[in-house]
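Source file: protein11.cif (mmCIF, C-alpha atoms)
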```
data_upload
#
loop_
_atom_site.label_atom_id
_atom_site.label_comp_id
_atom_site.auth_asym_id
_atom_site.auth_seq_id
_atom_site.Cartn_x
_atom_site.Cartn_y
_atom_site.Cartn_z
CA MET A 1 25.35 -4.24 -31.16
CA GLN A 2 23.74 -7.52 -32.13
CA ILE A 3 20.64 -8.91 -30.50
CA SER A 4 22.67 -11.26 -28.30
CA GLU A 5 24.61 -8.37 -26.78
CA LEU A 6 21.45 -6.29 -26.40
CA ALA A 7 19.83 -9.14 -24.49
CA ARG A 8 22.89 -9.72 -22.35
CA ARG A 9 23.24 -6.06 -21.39
CA ALA A 10 19.56 -5.82 -20.49
CA GLY A 11 19.77 -9.09 -18.56
CA VAL A 12 16.99 -10.84 -20.48
CA PRO A 13 16.93 -13.92 -22.73
CA VAL A 14 17.20 -13.38 -26.49
CA ALA A 15 13.79 -15.04 -26.90
CA THR A 16 12.26 -12.33 -24.70
CA VAL A 17 13.81 -9.58 -26.82
CA LYS A 18 12.41 -11.24 -29.95
CA TYR A 19 8.97 -11.37 -28.33
CA TYR A 20 9.09 -7.65 -27.54
CA LEU A 21 10.19 -6.94 -31.12
CA ARG A 22 7.26 -8.97 -32.51
CA GLU A 23 4.86 -7.16 -30.18
CA GLY A 24 6.22 -3.80 -31.31
CA LEU A 25 7.25 -2.85 -27.76
CA VAL A 26 10.85 -2.42 -28.90
CA PRO A 27 11.44 -0.93 -32.36
CA ALA A 28 13.20 -3.01 -35.03
CA GLY A 29 16.96 -2.67 -35.39
CA GLU A 30 18.78 -1.55 -38.50
CA LEU A 31 18.93 -4.46 -40.93
CA THR A 32 22.51 -5.48 -41.76
CA GLY A 33 21.68 -8.73 -43.55
CA ALA A 34 18.82 -11.09 -44.32
CA THR A 35 18.52 -12.24 -40.69
CA ARG A 36 20.71 -9.78 -38.84
CA ALA A 37 20.04 -6.39 -37.38
CA ARG A 38 22.04 -3.88 -35.42
CA TYR A 39 20.77 -2.25 -32.23
CA GLY A 40 21.83 0.92 -30.46
CA GLU A 41 21.74 2.40 -26.98
CA GLU A 42 18.23 3.64 -27.60
CA HIS A 43 17.10 0.03 -27.99
CA LEU A 44 18.75 -0.89 -24.71
CA GLU A 45 17.04 2.01 -22.94
CA ARG A 46 13.69 1.01 -24.43
CA LEU A 47 14.20 -2.61 -23.47
CA ARG A 48 14.86 -1.64 -19.88
CA LEU A 49 11.73 0.51 -19.85
CA VAL A 50 9.64 -2.35 -21.21
CA ARG A 51 11.04 -4.66 -18.52
CA ALA A 52 10.08 -2.15 -15.84
CA LEU A 53 6.56 -1.74 -17.20
CA LEU A 54 5.83 -5.45 -17.52
CA GLY A 55 7.73 -6.52 -14.40
CA PRO A 56 7.57 -4.22 -11.38
CA GLY A 57 4.92 -2.07 -13.04
CA GLY A 58 2.67 -5.09 -13.45
CA LEU A 59 1.29 -3.76 -16.75
CA SER A 60 -0.26 -5.85 -19.49
CA VAL A 61 1.33 -5.67 -22.95
CA ALA A 62 -1.58 -3.50 -24.11
CA ARG A 63 -1.14 -1.04 -21.23
CA ALA A 64 2.62 -0.99 -21.72
CA ARG A 65 2.05 -0.12 -25.37
CA ALA A 66 -0.12 2.83 -24.36
CA VAL A 67 2.58 4.15 -22.02
CA LEU A 68 5.22 3.74 -24.73
CA ALA A 69 3.02 5.66 -27.15
CA ALA A 70 2.97 8.56 -24.69
CA VAL A 71 6.74 8.33 -24.28
CA ASP A 72 7.17 8.37 -28.07
CA THR A 73 4.88 11.32 -28.72
CA PRO A 74 7.10 14.04 -30.21
CA ASP A 75 7.72 16.93 -27.85
CA THR A 76 5.83 15.22 -25.05
CA SER A 77 6.40 16.83 -21.69
CA VAL A 78 7.87 14.80 -18.88
CA HIS A 79 4.73 15.52 -16.85
CA ALA A 80 2.47 14.17 -19.61
CA ALA A 81 4.55 11.00 -20.01
CA LEU A 82 4.71 10.44 -16.26
CA GLY A 83 0.96 10.97 -16.09
CA ALA A 84 0.38 8.30 -18.76
CA ALA A 85 2.57 5.90 -16.81
CA HIS A 86 0.85 6.71 -13.51
CA ARG A 87 -2.58 6.15 -15.04
CA ALA A 88 -1.58 2.78 -16.46
CA LEU A 89 -0.35 1.42 -13.13
CA PRO A 90 -2.47 -0.98 -11.09
CA GLY A 91 -4.69 0.80 -8.58
CA VAL A 92 -3.88 1.13 -4.91
CA GLY A 93 -7.13 0.22 -3.25
CA PRO A 94 -10.75 -0.74 -3.54
CA GLU A 95 -12.60 0.24 -6.70
CA GLY A 96 -15.87 2.07 -6.71
CA THR A 97 -17.72 5.17 -7.65
CA ALA A 98 -17.52 6.93 -4.34
CA ASP A 99 -18.31 10.53 -3.60
CA LEU A 100 -15.17 12.51 -4.41
CA GLU A 101 -15.96 15.46 -2.16
CA GLN A 102 -14.03 14.50 1.00
CA ALA A 103 -11.07 13.45 -1.15
CA ARG A 104 -11.13 16.73 -3.06
CA ALA A 105 -11.34 18.65 0.22
CA VAL A 106 -8.09 17.08 1.44
CA LEU A 107 -6.34 18.19 -1.75
CA ARG A 108 -7.76 21.68 -1.51
CA ARG A 109 -6.48 22.09 2.04
CA ARG A 110 -2.99 21.18 0.84
CA GLY A 111 -3.19 23.22 -2.35
CA TRP A 112 -2.60 20.17 -4.54
CA ARG A 113 -3.87 20.29 -8.11
CA VAL A 114 -4.46 17.05 -9.97
CA ALA A 115 -6.47 15.93 -13.00
CA GLU A 116 -10.26 15.84 -12.49
CA ASP A 117 -10.25 12.13 -13.36
CA SER A 118 -7.01 11.19 -11.61
CA PRO A 119 -7.20 7.47 -10.78
CA ALA A 120 -5.54 8.16 -7.42
CA LEU A 121 -8.31 10.65 -6.58
CA VAL A 122 -10.93 8.02 -7.31
CA ALA A 123 -8.92 5.47 -5.30
CA LEU A 124 -8.73 7.86 -2.35
CA ALA A 125 -12.49 8.44 -2.46
CA ALA A 126 -13.17 4.67 -2.57
CA ALA A 127 -10.81 4.07 0.37
CA LEU A 128 -12.57 6.77 2.41
CA GLU A 129 -15.91 5.18 1.54
CA ALA A 130 -14.64 1.80 2.81
CA LEU A 131 -13.60 3.42 6.10
CA ARG A 132 -17.01 5.02 6.53
CA ALA A 133 -18.71 1.70 5.78
CA ALA A 134 -16.59 0.10 8.52
CA GLY A 135 -17.75 2.72 11.00
CA ALA A 136 -14.28 4.28 11.04
CA ALA A 137 -14.81 7.51 9.13
CA PRO A 138 -11.50 9.39 9.32
CA THR A 139 -11.37 12.90 10.71
CA ASP A 140 -10.01 15.76 8.62
CA GLU A 141 -7.16 15.99 11.12
CA LEU A 142 -6.15 12.38 10.46
CA LEU A 143 -6.40 12.82 6.71
CA ASP A 144 -4.32 15.99 6.84
CA ARG A 145 -1.67 14.17 8.85
CA TYR A 146 -1.52 11.40 6.26
CA ALA A 147 -1.50 13.92 3.42
CA GLU A 148 1.33 15.85 4.99
CA ALA A 149 3.47 12.71 5.29
CA ALA A 150 2.56 11.62 1.76
CA GLY A 151 3.37 15.11 0.51
CA ARG A 152 6.89 15.07 1.91
CA ILE A 153 7.56 11.72 0.28
CA GLY A 154 5.88 12.49 -3.04
CA GLU A 155 7.65 15.81 -3.41
CA GLN A 156 11.05 14.21 -2.97
CA ASP A 157 10.11 11.22 -5.18
CA VAL A 158 9.53 13.64 -8.04
CA ALA A 159 12.68 15.64 -7.23
CA ASP A 160 14.63 12.39 -7.63
CA VAL A 161 13.30 11.71 -11.15
CA PRO A 162 16.21 11.67 -13.65
CA THR A 163 15.67 14.09 -16.49
CA GLY A 164 18.15 12.71 -19.03
CA SER A 165 15.40 11.32 -21.23
CA VAL A 166 11.66 10.86 -21.09
CA ALA A 167 12.11 7.07 -21.24
CA GLU A 168 14.51 7.10 -18.31
CA ALA A 169 12.14 9.33 -16.32
CA VAL A 170 9.17 7.07 -17.00
CA ARG A 171 11.10 3.95 -16.07
CA PHE A 172 12.17 5.53 -12.79
CA VAL A 173 8.63 6.61 -11.95
CA VAL A 174 7.08 3.24 -12.74
CA VAL A 175 9.62 1.28 -10.72
CA ASN A 176 9.70 3.65 -7.77
CA THR A 177 5.97 4.33 -7.60
CA VAL A 178 5.08 0.66 -7.47
CA LEU A 179 8.01 -0.92 -5.64
CA LEU A 180 8.26 1.70 -2.91
CA GLU A 181 4.61 1.23 -1.96
CA PRO A 182 5.17 -1.99 0.03
CA VAL A 183 8.23 -0.32 1.59
CA LEU A 184 6.08 2.52 2.87
CA LEU A 185 3.35 0.20 4.17
CA ALA A 186 5.82 -2.13 5.88
CA LEU A 187 7.57 0.82 7.54
CA ARG A 188 4.22 2.13 8.82
CA ARG A 189 3.42 -1.24 10.37
CA LEU A 190 6.88 -1.41 11.93
CA ALA A 191 6.47 2.10 13.33
CA GLN A 192 3.13 1.03 14.80
CA GLU A 193 4.72 -2.05 16.35
CA ASP A 194 7.46 0.01 17.95
CA ALA A 195 5.00 2.65 19.15
CA SER A 196 2.67 -0.01 20.56
CA ARG A 197 5.55 -1.56 22.50
CA ARG A 198 6.39 1.80 24.06
CA ARG A 199 2.80 2.87 24.69
CA PHE A 200 1.44 -0.41 26.03
CA PRO A 201 4.33 -1.92 27.99
CA GLY A 202 3.55 -5.13 29.74
CA ASP A 203 4.02 -8.82 29.34
CA CYS A 204 5.67 -8.72 25.94
CA MET B 1 -31.37 -8.29 23.96
CA GLN B 2 -32.56 -10.97 21.59
CA ILE B 3 -30.64 -12.12 18.55
CA SER B 4 -32.74 -9.97 16.23
CA GLU B 5 -31.83 -6.80 18.10
CA LEU B 6 -28.19 -7.86 18.33
CA ALA B 7 -28.11 -8.33 14.57
CA ARG B 8 -29.88 -5.05 13.93
CA ARG B 9 -27.57 -3.04 16.16
CA ALA B 10 -24.49 -4.59 14.54
CA GLY B 11 -25.96 -4.04 11.09
CA VAL B 12 -25.72 -7.67 9.99
CA PRO B 13 -28.35 -10.29 9.05
CA VAL B 14 -29.53 -12.68 11.76
CA ALA B 15 -28.26 -15.60 9.63
CA THR B 16 -24.75 -14.13 9.81
CA VAL B 17 -24.91 -13.87 13.60
CA LYS B 18 -26.04 -17.51 13.76
CA TYR B 19 -23.11 -18.50 11.54
CA TYR B 20 -20.65 -16.71 13.84
CA LEU B 21 -22.24 -18.43 16.85
CA ARG B 22 -21.87 -21.86 15.20
CA GLU B 23 -18.23 -21.11 14.34
CA GLY B 24 -17.56 -20.07 17.93
CA LEU B 25 -16.47 -16.57 16.86
CA VAL B 26 -19.18 -15.04 19.06
CA PRO B 27 -19.89 -16.72 22.41
CA ALA B 28 -23.33 -18.19 23.06
CA GLY B 29 -25.92 -16.05 24.79
CA GLU B 30 -27.61 -16.83 28.07
CA LEU B 31 -30.35 -19.40 27.43
CA THR B 32 -33.80 -18.09 28.36
CA GLY B 33 -35.80 -20.91 26.81
CA ALA B 34 -35.50 -23.95 24.57
CA THR B 35 -34.72 -21.86 21.49
CA ARG B 36 -34.13 -18.41 22.93
CA ALA B 37 -31.07 -16.72 24.30
CA ARG B 38 -30.28 -13.30 25.64
CA TYR B 39 -27.29 -11.27 24.51
CA GLY B 40 -25.47 -8.39 26.14
CA GLU B 41 -23.30 -5.45 25.14
CA GLU B 42 -20.24 -7.73 25.22
CA HIS B 43 -21.80 -9.79 22.43
CA LEU B 44 -22.36 -6.67 20.37
CA GLU B 45 -18.77 -5.57 20.86
CA ARG B 46 -17.53 -9.03 19.91
CA LEU B 47 -19.77 -9.10 16.85
CA ARG B 48 -18.37 -5.77 15.67
CA LEU B 49 -14.83 -7.06 16.15
CA VAL B 50 -15.58 -10.22 14.16
CA ARG B 51 -17.04 -8.08 11.36
CA ALA B 52 -13.90 -5.97 11.28
CA LEU B 53 -11.61 -9.01 11.19
CA LEU B 54 -13.49 -10.82 8.41
CA GLY B 55 -14.41 -7.70 6.43
CA PRO B 56 -11.83 -4.90 6.29
CA GLY B 57 -9.21 -7.10 7.93
CA GLY B 58 -9.63 -9.70 5.21
CA LEU B 59 -8.97 -12.55 7.66
CA SER B 60 -10.09 -16.14 7.22
CA VAL B 61 -12.31 -17.60 9.95
CA ALA B 62 -9.31 -19.59 11.24
CA ARG B 63 -7.12 -16.48 11.47
CA ALA B 64 -9.93 -14.50 13.07
CA ARG B 65 -10.27 -17.23 15.67
CA ALA B 66 -6.56 -16.94 16.49
CA VAL B 67 -6.87 -13.19 17.00
CA LEU B 68 -9.94 -13.65 19.18
CA ALA B 69 -8.03 -16.19 21.28
CA ALA B 70 -5.37 -13.53 21.91
CA VAL B 71 -8.03 -10.98 22.78
CA ASP B 72 -9.64 -13.46 25.20
CA THR B 73 -6.42 -14.46 26.97
CA PRO B 74 -6.87 -13.33 30.59
CA ASP B 75 -4.68 -10.37 31.53
CA THR B 76 -3.43 -10.06 27.98
CA SER B 77 -1.65 -6.78 27.35
CA VAL B 78 -2.98 -4.44 24.69
CA HIS B 79 0.41 -4.70 22.94
CA ALA B 80 0.20 -8.51 22.82
CA ALA B 81 -3.36 -8.47 21.47
CA LEU B 82 -2.52 -5.81 18.89
CA GLY B 83 0.52 -7.84 17.90
CA ALA B 84 -1.62 -10.93 17.33
CA ALA B 85 -3.97 -8.89 15.16
CA HIS B 86 -1.10 -7.31 13.20
CA ARG B 87 0.44 -10.70 12.54
CA ALA B 88 -2.83 -12.14 11.26
CA LEU B 89 -3.38 -9.36 8.71
CA PRO B 90 -2.67 -9.91 5.03
CA GLY B 91 0.87 -8.92 4.06
CA VAL B 92 1.77 -5.64 2.41
CA GLY B 93 4.09 -6.72 -0.37
CA PRO B 94 5.98 -9.45 -2.14
CA GLU B 95 6.78 -12.59 -0.20
CA GLY B 96 10.23 -14.05 0.04
CA THR B 97 13.13 -14.95 2.21
CA ALA B 98 15.21 -11.88 1.61
CA ASP B 99 18.24 -10.75 3.53
CA LEU B 100 16.95 -8.80 6.53
CA GLU B 101 20.10 -6.77 7.09
CA GLN B 102 19.22 -3.57 5.19
CA ALA B 103 15.74 -3.63 6.70
CA ARG B 104 17.14 -4.07 10.20
CA ALA B 105 19.60 -1.23 9.58
CA VAL B 106 16.75 1.19 8.84
CA LEU B 107 15.09 0.27 12.14
CA ARG B 108 18.35 0.63 14.07
CA ARG B 109 18.90 4.12 12.69
CA ARG B 110 15.45 5.12 13.95
CA GLY B 111 15.76 3.28 17.24
CA TRP B 112 12.70 1.14 16.52
CA ARG B 113 12.44 -2.20 18.28
CA VAL B 114 10.22 -4.91 16.83
CA ALA B 115 9.93 -8.69 17.12
CA GLU B 116 12.72 -10.66 15.44
CA ASP B 117 10.14 -12.41 13.26
CA SER B 118 7.86 -9.42 12.66
CA PRO B 119 5.98 -10.05 9.38
CA ALA B 120 6.39 -6.38 8.46
CA LEU B 121 10.17 -6.72 8.82
CA VAL B 122 10.17 -9.66 6.42
CA ALA B 123 7.86 -7.72 4.08
CA LEU B 124 10.22 -4.73 4.13
CA ALA B 125 13.20 -6.96 3.33
CA ALA B 126 11.32 -8.58 0.43
CA ALA B 127 10.30 -5.18 -0.95
CA LEU B 128 13.91 -3.97 -0.79
CA GLU B 129 15.00 -7.12 -2.60
CA ALA B 130 12.46 -6.45 -5.37
CA LEU B 131 13.84 -2.92 -5.78
CA ARG B 132 17.40 -4.22 -6.05
CA ALA B 133 16.30 -6.82 -8.61
CA ALA B 134 14.76 -4.02 -10.67
CA GLY B 135 18.05 -2.10 -10.62
CA ALA B 136 16.56 0.52 -8.32
CA ALA B 137 18.27 -0.23 -5.01
CA PRO B 138 17.14 2.51 -2.62
CA THR B 139 19.69 4.65 -0.83
CA ASP B 140 19.77 4.83 2.95
CA GLU B 141 18.76 8.47 2.62
CA LEU B 142 15.59 7.54 0.73
CA LEU B 143 14.74 4.77 3.20
CA ASP B 144 15.27 7.11 6.14
CA ARG B 145 12.96 9.64 4.54
CA TYR B 146 10.25 7.02 4.11
CA ALA B 147 10.82 5.73 7.63
CA GLU B 148 10.53 9.20 9.08
CA ALA B 149 7.19 9.79 7.35
CA ALA B 150 5.95 6.32 8.34
CA GLY B 151 7.09 6.97 11.89
CA ARG B 152 5.05 10.14 12.27
CA ILE B 153 1.96 8.37 11.02
CA GLY B 154 2.49 5.14 12.96
CA GLU B 155 3.15 6.96 16.20
CA GLN B 156 -0.09 8.89 15.94
CA ASP B 157 -2.03 5.81 14.76
CA VAL B 158 -1.11 4.12 18.02
CA ALA B 159 -1.82 7.23 20.07
CA ASP B 160 -5.35 7.17 18.62
CA VAL B 161 -6.04 3.59 19.76
CA PRO B 162 -8.99 3.54 22.18
CA THR B 163 -8.11 1.87 25.46
CA GLY B 164 -11.58 1.16 26.82
CA SER B 165 -11.28 -2.57 26.15
CA VAL B 166 -8.87 -4.91 24.44
CA ALA B 167 -11.56 -5.90 21.92
CA GLU B 168 -12.22 -2.27 21.06
CA ALA B 169 -8.49 -1.60 20.68
CA VAL B 170 -8.01 -4.61 18.41
CA ARG B 171 -10.98 -3.68 16.24
CA PHE B 172 -9.62 -0.16 15.82
CA VAL B 173 -6.17 -1.40 14.90
CA VAL B 174 -7.40 -3.95 12.37
CA VAL B 175 -9.71 -1.51 10.62
CA ASN B 176 -7.28 1.40 10.64
CA THR B 177 -4.18 -0.56 9.75
CA VAL B 178 -5.76 -2.12 6.69
CA LEU B 179 -8.18 0.54 5.46
CA LEU B 180 -5.81 3.48 5.84
CA GLU B 181 -3.18 1.77 3.68
CA PRO B 182 -4.87 2.58 0.35
CA VAL B 183 -5.49 6.11 1.69
CA LEU B 184 -1.76 6.57 2.26
CA LEU B 185 -0.81 5.15 -1.13
CA ALA B 186 -3.41 7.20 -2.99
CA LEU B 187 -2.25 10.38 -1.23
CA ARG B 188 1.37 9.63 -2.18
CA ARG B 189 0.40 9.27 -5.83
CA LEU B 190 -1.62 12.48 -5.68
CA ALA B 191 1.31 14.30 -4.10
CA GLN B 192 3.52 12.98 -6.90
CA GLU B 193 1.05 14.16 -9.51
CA ASP B 194 0.92 17.64 -8.01
CA ALA B 195 4.70 17.80 -7.65
CA SER B 196 5.19 16.59 -11.23
CA ARG B 197 2.87 19.31 -12.51
CA ARG B 198 4.88 21.97 -10.69
CA ARG B 199 8.31 20.55 -11.55
CA PHE B 200 7.69 19.71 -15.19
CA PRO B 201 5.40 22.45 -16.43
CA GLY B 202 4.55 22.28 -20.10
CA ASP B 203 1.80 21.18 -22.35
CA CYS B 204 -0.49 19.75 -19.71
#
```
structure tokens encoding of this file:
Amino acid sequence: MQISELARRAGVPVATVKYYLREGLVPAGELTGATRARYGEEHLERLRLVRALLGPGGLSVARARAVLAAVDTPDTSVHAALGAAHRALPGVGPEGTADLEQARAVLRRRGWRVAEDSPALVALAAALEALRAAGAAPTDELLDRYAEAAGRIGEQDVADVPTGSVAEAVRFVVVNTVLLEPVLLALRRLAQEDASRRRFPGDC
Amino acid sequence: MQISELARRAGVPVATVKYYLREGLVPAGELTGATRARYGEEHLERLRLVRALLGPGGLSVARARAVLAAVDTPDTSVHAALGAAHRALPGVGPEGTADLEQARAVLRRRGWRVAEDSPALVALAAALEALRAAGAAPTDELLDRYAEAAGRIGEQDVADVPTGSVAEAVRFVVVNTVLLEPVLLALRRLAQEDASRRRFPGDC
């Protein structure tokens, strides 16, 4: 297909496709003339992945390039590519160099194994530190309850990952990891509102 | 107690206490001289609530004042005060004027009842809209799974609310609603990482 059709099918302006081509985020097409090139389905798939990384994923061009490099590594495993994508995503909480011990203990109790330098592990430790600083140190029981709920969701999230291609899998993970986060938080607040109404009936 | 002890027990500088007094966030003490006042336990409790609202809660002084007004309303119900605090908190996702229907449908299936104009309901609708725009419209099954997990957590969150005083309840809700959000998101990402490792074993 020509660049105009590629752009149309991906739902982006031609100028945007040209920008991605210049930045090397989408590989060049096959030249069919001095100013014309032909693109295939693999370009469309890549274009959609780039859109997901820069849009919902919130990645910079440089970070998107790093994720694409992982996707393009020959014989990369899906887990390695997903890990690269996960690492590149914006963080989920406060930053800091908190003590990792309580965070690690939660994982041990659930039997979860993650990378020593997992950004989510550091984020969990920083969030726990913020709670302690606010005089609201969480109990192990509370953390285990949260971990159990997160575990059910996370397990199924990964089960839903399409395995047709590494690019497709990475796109799915980026979009769903980031865009389902506000869904989860909004649902928790709604559940709290409903529970509060039932538990504290009165003048409302 | 004098202002110095009040500040010490709340863990804040005296200058900060004076600022809160000037802003009317903490009520004046009982005058015991031209420049001296005496403060009681109710001042300490209020000071801790103000710290929670402005710190972890991330509220502006104006929003904090609105929450405090709800807390101070005579015979206010805990549900009404918690609702005022919930509403004043920073949002959890994209903003927008999305169609609320799919969001309402999730709540109906769970039997949850919330205010027509609940900010979390609008946030959920906006998050669902963002997913659709990214070509990743969630299925009802996925939403129900998320809602079930959020429901277990939210129910217990509310069960944990201390009921000694409205101020204490509001402080707990503000701190725990906001500061446990990154905990939940980090745990979900960690669960995904562990599940990915198990599901896609390979070169990692």
6 Å contacts from chain A to chain B using only C-alpha atoms, as a ChimeraX atom specification = /A:77,79,92-93,112-114,120,124,127,147,149-151,154-155,182-183,186-188,191-192,194-196,200,202
Tell me which residues the PyMOL selection byres ((chain A and resi 9-25) around 9) grabs here, as a PyMOL selection string.
-> chain A and resi 3-8+26-28+44-48+50-51+61+64-65+68
Box for range 118-130 of chain A: with edges along x, y and z, all listed atoms inside and 4 Å added on each side, what are the centre and edge lengths in Å to one decimal, as AutoDock Vina command-line options?
```
--center_x -10.7 --center_y 6.5 --center_z -4.4 --size_x 18.4 --size_y 17.4 --size_z 22.4
```
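Distances here use all atoms listed in the file; by that measure, the residue among B:Met1, B:Val166, B:Ala105, B:Leu89 closest to Gly40 in chain B is B:Met1.
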Give the answer as one residue: which of A:Ala88, A:Leu49, A:Leu100, A:Val170 has the shortest atom-to-atom distance to Glu116 in chain A, using only C-alpha atoms?
-> A:Leu100
Expressed in Å to a single decimal, how great is the separation between CA of Ala169 in chain B and CA of Arg63 in chain B?
->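 Going from CA of Ala169 in chain B over to CA of Arg63 in chain B covers 17.6 Å.
One distance worth recording is that between CA of Asp72 in chain B and CA of Arg36 in chain B, which is 25.1 Å.
Across the model, the gap from CA of Thr139 in chain B to CA of Val71 in chain A is 27.0 Å.
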With distances taken over all atoms listed in the file, which of B:Glu141, B:Gln2, B:Ala85, B:Glu168 is nearest to Ala37 in chain B?
->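 That would be B:Gln2, the residue with the smallest distance to Ala37 in chain B.
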